[in-house]
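Peer 1: Structure below; questions to follow.
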Amino acid sequence: PVIAEIDGENYIFCGNDDGKLYGVDPSGNLIYEFLTNDRIRTSPAFYQYGNSLSIFYGSYDGYLYGNDKHGNSLPGFPVDFGSPIITSPVISDLDNDSSIEVVFGTSGGLIVAVNMDNQMLDYFPIETGIGVTGSPMLTDLDNDGDIEVIIGANTTLFGIDIKEPSSI
């Protein structure tokens, strides 16, 4: 589960094997319910820009979903990546263009960085040859002003140095 503040109120979000992402208020009242075509075992990622809130999450149906705070699909979403998304997405501006990228992995062996226009960041997707099972972590590990993506797979830990100025 993830706690997100929306319009000054805290909500708890979690996915379910019934294919829904649920959001409840602190009293346990169901406020949000987003439907996919398969299980959701990832935690959602949130991006707030002004009064706009975007919610991103993956499903075993192979789609990356993007919704606004009212449950409406963001333009161009959902996006089919062809195999279950079992890692929680993270959000960053990897290429320093003032627009976010969503980073996640698929069980089919892809490491993905896609922007809000559903365009892949340069050099992505990365085909690993093995299922990506760990959620990504973004950090400037070597203190050189760009972000590294650290993500686990079935038998390997991948470290990807973006090599462009970027911000978490």
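Every chain in the structure tokens has a letter given in the order shown (A, B, ...), and although residue numbers restart at 1 in each chain, ligands are simply numbered from 1 in the order shown.
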Would you give me, as a compact mmCIF listing (two decimals) with N, CA and C atoms, in the first residue's frame, the residues in chain A that DSSP reads as strand (DSSP E)?
Peer 2:
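For reference, selection-v2.txt as written:
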```txt
# COMPACT_ATOMS: atom_id res chain seq x y z
N VAL A 2 0.25 2.34 -0.41
CA VAL A 2 0.90 3.65 -0.45
C VAL A 2 -0.08 4.68 0.10
N ILE A 3 0.44 5.64 0.85
CA ILE A 3 -0.40 6.74 1.33
C ILE A 3 -0.12 7.95 0.45
N ALA A 4 -1.19 8.56 -0.06
CA ALA A 4 -1.06 9.74 -0.91
C ALA A 4 -1.95 10.84 -0.39
N GLU A 5 -1.42 12.06 -0.44
CA GLU A 5 -2.23 13.22 -0.07
C GLU A 5 -2.87 13.78 -1.33
N ILE A 6 -4.19 13.86 -1.32
CA ILE A 6 -4.94 14.38 -2.45
C ILE A 6 -5.89 15.44 -1.92
N GLU A 9 -6.14 15.74 1.83
CA GLU A 9 -6.60 14.56 2.59
C GLU A 9 -5.68 13.38 2.27
N ASN A 10 -5.43 12.54 3.27
CA ASN A 10 -4.63 11.33 3.07
C ASN A 10 -5.52 10.16 2.66
N TYR A 11 -5.03 9.39 1.70
CA TYR A 11 -5.73 8.19 1.24
C TYR A 11 -4.73 7.05 1.16
N ILE A 12 -5.22 5.86 1.41
CA ILE A 12 -4.40 4.66 1.32
C ILE A 12 -4.78 3.96 0.01
N PHE A 13 -3.78 3.68 -0.82
CA PHE A 13 -4.01 3.00 -2.09
C PHE A 13 -3.34 1.64 -2.07
N CYS A 14 -4.05 0.65 -2.62
CA CYS A 14 -3.45 -0.67 -2.79
C CYS A 14 -4.16 -1.41 -3.91
N GLY A 15 -3.40 -2.29 -4.56
CA GLY A 15 -3.96 -3.12 -5.60
C GLY A 15 -4.51 -4.40 -5.02
N LYS A 20 -8.41 -4.54 -9.29
CA LYS A 20 -8.75 -3.16 -8.97
C LYS A 20 -7.69 -2.52 -8.09
N LEU A 21 -7.50 -1.22 -8.32
CA LEU A 21 -6.70 -0.40 -7.43
C LEU A 21 -7.68 0.37 -6.57
N TYR A 22 -7.54 0.20 -5.26
CA TYR A 22 -8.47 0.83 -4.32
C TYR A 22 -7.80 1.99 -3.60
N GLY A 23 -8.59 3.00 -3.30
CA GLY A 23 -8.16 4.11 -2.46
C GLY A 23 -9.19 4.32 -1.37
N VAL A 24 -8.75 4.28 -0.12
CA VAL A 24 -9.66 4.48 1.00
C VAL A 24 -9.19 5.66 1.84
N LEU A 30 -14.34 3.62 1.07
CA LEU A 30 -13.85 3.47 -0.28
C LEU A 30 -14.09 4.77 -1.05
N ILE A 31 -13.03 5.39 -1.54
CA ILE A 31 -13.13 6.65 -2.27
C ILE A 31 -12.77 6.44 -3.75
N TYR A 32 -11.75 5.61 -4.01
CA TYR A 32 -11.28 5.37 -5.37
C TYR A 32 -11.35 3.88 -5.67
N GLU A 33 -11.68 3.57 -6.93
CA GLU A 33 -11.70 2.18 -7.40
C GLU A 33 -11.44 2.21 -8.90
N PHE A 34 -10.23 1.77 -9.31
CA PHE A 34 -9.85 1.76 -10.72
C PHE A 34 -9.73 0.31 -11.17
N LEU A 35 -10.34 -0.05 -12.29
CA LEU A 35 -10.39 -1.43 -12.77
C LEU A 35 -9.36 -1.68 -13.88
N ALA A 45 2.43 4.86 -8.11
CA ALA A 45 3.29 6.04 -7.98
C ALA A 45 2.42 7.25 -8.29
N PHE A 46 2.70 8.35 -7.61
CA PHE A 46 1.89 9.56 -7.75
C PHE A 46 2.77 10.71 -8.19
N TYR A 47 2.19 11.57 -9.04
CA TYR A 47 2.89 12.77 -9.47
C TYR A 47 1.90 13.93 -9.39
N GLN A 48 2.26 14.93 -8.62
CA GLN A 48 1.40 16.11 -8.49
C GLN A 48 2.08 17.31 -9.11
N TYR A 49 1.36 17.97 -10.00
CA TYR A 49 1.84 19.17 -10.65
C TYR A 49 0.72 20.20 -10.56
N SER A 52 -3.08 19.23 -10.46
CA SER A 52 -3.25 18.00 -11.21
C SER A 52 -2.50 16.86 -10.51
N LEU A 53 -3.15 15.72 -10.38
CA LEU A 53 -2.53 14.53 -9.78
C LEU A 53 -2.62 13.39 -10.77
N SER A 54 -1.49 12.72 -10.99
CA SER A 54 -1.45 11.55 -11.85
C SER A 54 -1.07 10.34 -11.02
N ILE A 55 -1.75 9.22 -11.28
CA ILE A 55 -1.53 7.98 -10.55
C ILE A 55 -1.13 6.92 -11.58
N PHE A 56 0.03 6.27 -11.35
CA PHE A 56 0.54 5.26 -12.28
C PHE A 56 0.69 3.93 -11.56
N TYR A 57 0.29 2.85 -12.22
CA TYR A 57 0.39 1.51 -11.64
C TYR A 57 0.36 0.48 -12.76
N GLY A 58 0.94 -0.66 -12.50
CA GLY A 58 0.98 -1.74 -13.47
C GLY A 58 0.07 -2.87 -13.06
N TYR A 63 -0.36 -3.97 -18.84
CA TYR A 63 -0.58 -2.55 -19.09
C TYR A 63 -0.03 -1.69 -17.95
N LEU A 64 0.50 -0.53 -18.34
CA LEU A 64 0.79 0.53 -17.40
C LEU A 64 -0.40 1.48 -17.46
N TYR A 65 -1.01 1.70 -16.30
CA TYR A 65 -2.18 2.57 -16.21
C TYR A 65 -1.77 3.93 -15.69
N GLY A 66 -2.43 4.94 -16.19
CA GLY A 66 -2.27 6.30 -15.71
C GLY A 66 -3.64 6.92 -15.57
N ASN A 67 -3.96 7.34 -14.36
CA ASN A 67 -5.26 7.95 -14.09
C ASN A 67 -5.09 9.30 -13.43
N ASP A 68 -6.12 10.14 -13.56
CA ASP A 68 -6.15 11.36 -12.76
C ASP A 68 -6.84 11.04 -11.45
N VAL A 79 -1.10 1.76 -21.44
CA VAL A 79 -0.14 1.37 -22.48
C VAL A 79 0.21 -0.09 -22.27
N ASP A 80 0.14 -0.87 -23.35
CA ASP A 80 0.42 -2.31 -23.29
C ASP A 80 1.92 -2.55 -23.47
N VAL A 90 8.27 4.01 -10.54
CA VAL A 90 8.78 5.21 -9.89
C VAL A 90 8.79 6.32 -10.94
N ILE A 91 8.82 7.55 -10.46
CA ILE A 91 8.71 8.71 -11.34
C ILE A 91 9.90 9.63 -11.14
N SER A 92 10.43 10.13 -12.26
CA SER A 92 11.55 11.06 -12.21
C SER A 92 11.62 11.80 -13.54
N GLU A 101 9.26 10.94 -16.41
CA GLU A 101 9.28 9.60 -16.98
C GLU A 101 8.84 8.62 -15.88
N VAL A 102 8.16 7.57 -16.31
CA VAL A 102 7.75 6.50 -15.41
C VAL A 102 8.68 5.33 -15.68
N VAL A 103 9.31 4.81 -14.63
CA VAL A 103 10.29 3.74 -14.76
C VAL A 103 9.76 2.50 -14.04
N PHE A 104 9.85 1.34 -14.71
CA PHE A 104 9.37 0.08 -14.13
C PHE A 104 9.95 -1.08 -14.92
N GLY A 105 9.71 -2.28 -14.45
CA GLY A 105 10.15 -3.48 -15.14
C GLY A 105 8.99 -4.40 -15.44
N LEU A 110 11.81 -6.57 -19.57
CA LEU A 110 12.06 -5.20 -20.01
C LEU A 110 12.24 -4.27 -18.82
N ILE A 111 13.19 -3.34 -18.93
CA ILE A 111 13.29 -2.20 -18.04
C ILE A 111 12.83 -1.02 -18.89
N VAL A 112 11.80 -0.34 -18.42
CA VAL A 112 11.12 0.67 -19.22
C VAL A 112 11.24 2.04 -18.57
N ALA A 113 11.46 3.07 -19.39
CA ALA A 113 11.37 4.47 -18.99
C ALA A 113 10.58 5.17 -20.07
N VAL A 114 9.34 5.53 -19.76
CA VAL A 114 8.42 6.10 -20.74
C VAL A 114 7.93 7.46 -20.23
N ASN A 115 7.81 8.43 -21.16
CA ASN A 115 7.34 9.75 -20.74
C ASN A 115 5.82 9.86 -20.85
N ILE A 126 15.16 -1.50 -22.11
CA ILE A 126 16.33 -2.36 -22.02
C ILE A 126 15.84 -3.79 -21.87
N GLU A 127 16.28 -4.65 -22.78
CA GLU A 127 15.90 -6.06 -22.72
C GLU A 127 16.93 -6.80 -21.88
N MET A 137 14.88 1.66 -8.06
CA MET A 137 15.27 2.72 -7.15
C MET A 137 16.06 3.71 -8.00
N LEU A 138 15.79 4.99 -7.83
CA LEU A 138 16.49 6.03 -8.57
C LEU A 138 17.31 6.85 -7.59
N THR A 139 18.59 7.04 -7.93
CA THR A 139 19.48 7.80 -7.07
C THR A 139 20.66 8.29 -7.89
N ASP A 146 23.74 12.99 -12.47
CA ASP A 146 22.71 12.28 -13.21
C ASP A 146 22.20 11.12 -12.36
N ILE A 147 21.14 10.52 -12.82
CA ILE A 147 20.47 9.48 -12.03
C ILE A 147 20.90 8.09 -12.50
N GLU A 148 21.04 7.20 -11.54
CA GLU A 148 21.22 5.79 -11.83
C GLU A 148 19.93 5.06 -11.47
N VAL A 149 19.58 4.11 -12.32
CA VAL A 149 18.43 3.24 -12.07
C VAL A 149 18.98 1.92 -11.56
N ILE A 150 18.58 1.53 -10.36
CA ILE A 150 18.98 0.25 -9.78
C ILE A 150 17.71 -0.60 -9.72
N ILE A 151 17.76 -1.79 -10.32
CA ILE A 151 16.56 -2.63 -10.39
C ILE A 151 16.98 -4.10 -10.41
N GLY A 152 16.21 -4.92 -9.72
CA GLY A 152 16.52 -6.34 -9.61
C GLY A 152 15.72 -7.19 -10.56
N LEU A 157 21.19 -8.02 -10.43
CA LEU A 157 20.89 -6.63 -10.06
C LEU A 157 21.45 -5.76 -11.17
N PHE A 158 20.61 -4.91 -11.76
CA PHE A 158 21.04 -4.04 -12.85
C PHE A 158 21.26 -2.64 -12.31
N GLY A 159 22.32 -1.99 -12.77
CA GLY A 159 22.59 -0.60 -12.49
C GLY A 159 22.75 0.12 -13.82
N ILE A 160 21.90 1.12 -14.06
CA ILE A 160 21.90 1.83 -15.33
C ILE A 160 22.21 3.29 -15.05
N ASP A 161 23.30 3.78 -15.62
CA ASP A 161 23.71 5.18 -15.44
C ASP A 161 23.15 5.97 -16.61
N ILE A 162 22.24 6.91 -16.35
CA ILE A 162 21.54 7.65 -17.41
C ILE A 162 22.48 8.53 -18.22
N LYS A 163 23.50 9.14 -17.60
CA LYS A 163 24.53 9.95 -18.26
C LYS A 163 24.00 11.25 -18.86
N GLU A 164 22.91 11.77 -18.37
CA GLU A 164 22.40 13.08 -18.72
C GLU A 164 22.01 13.77 -17.44
N PRO A 165 22.14 15.11 -17.38
CA PRO A 165 21.66 15.78 -16.17
C PRO A 165 20.20 15.42 -15.93
```
Peer 1: Suppose you want the space between atom CA of A:Asn72 and atom CA of A:Gln119; what is it in Å?
Peer 2: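 Atom-to-atom, atom CA of A:Asn72 to atom CA of A:Gln119, that is 20.5 Å.
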Peer 1: With distances taken over only C-alpha atoms, which residue among A:Asn154, A:Thr87, A:Asn143, A:Asn29 lies nearest A:Gly131?
Peer 2: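 With only C-alpha atoms as the atom set, the closest residue is A:Asn154.
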Peer 1: Between A:Ser166, A:Phe81, A:Pro1, A:Pro44, which is the closest to A:Asp140 once you count only C-alpha atoms?
Peer 2: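 Of A:Ser166, A:Phe81, A:Pro1, A:Pro44, the one nearest A:Asp140 is A:Ser166, counting only C-alpha atoms.
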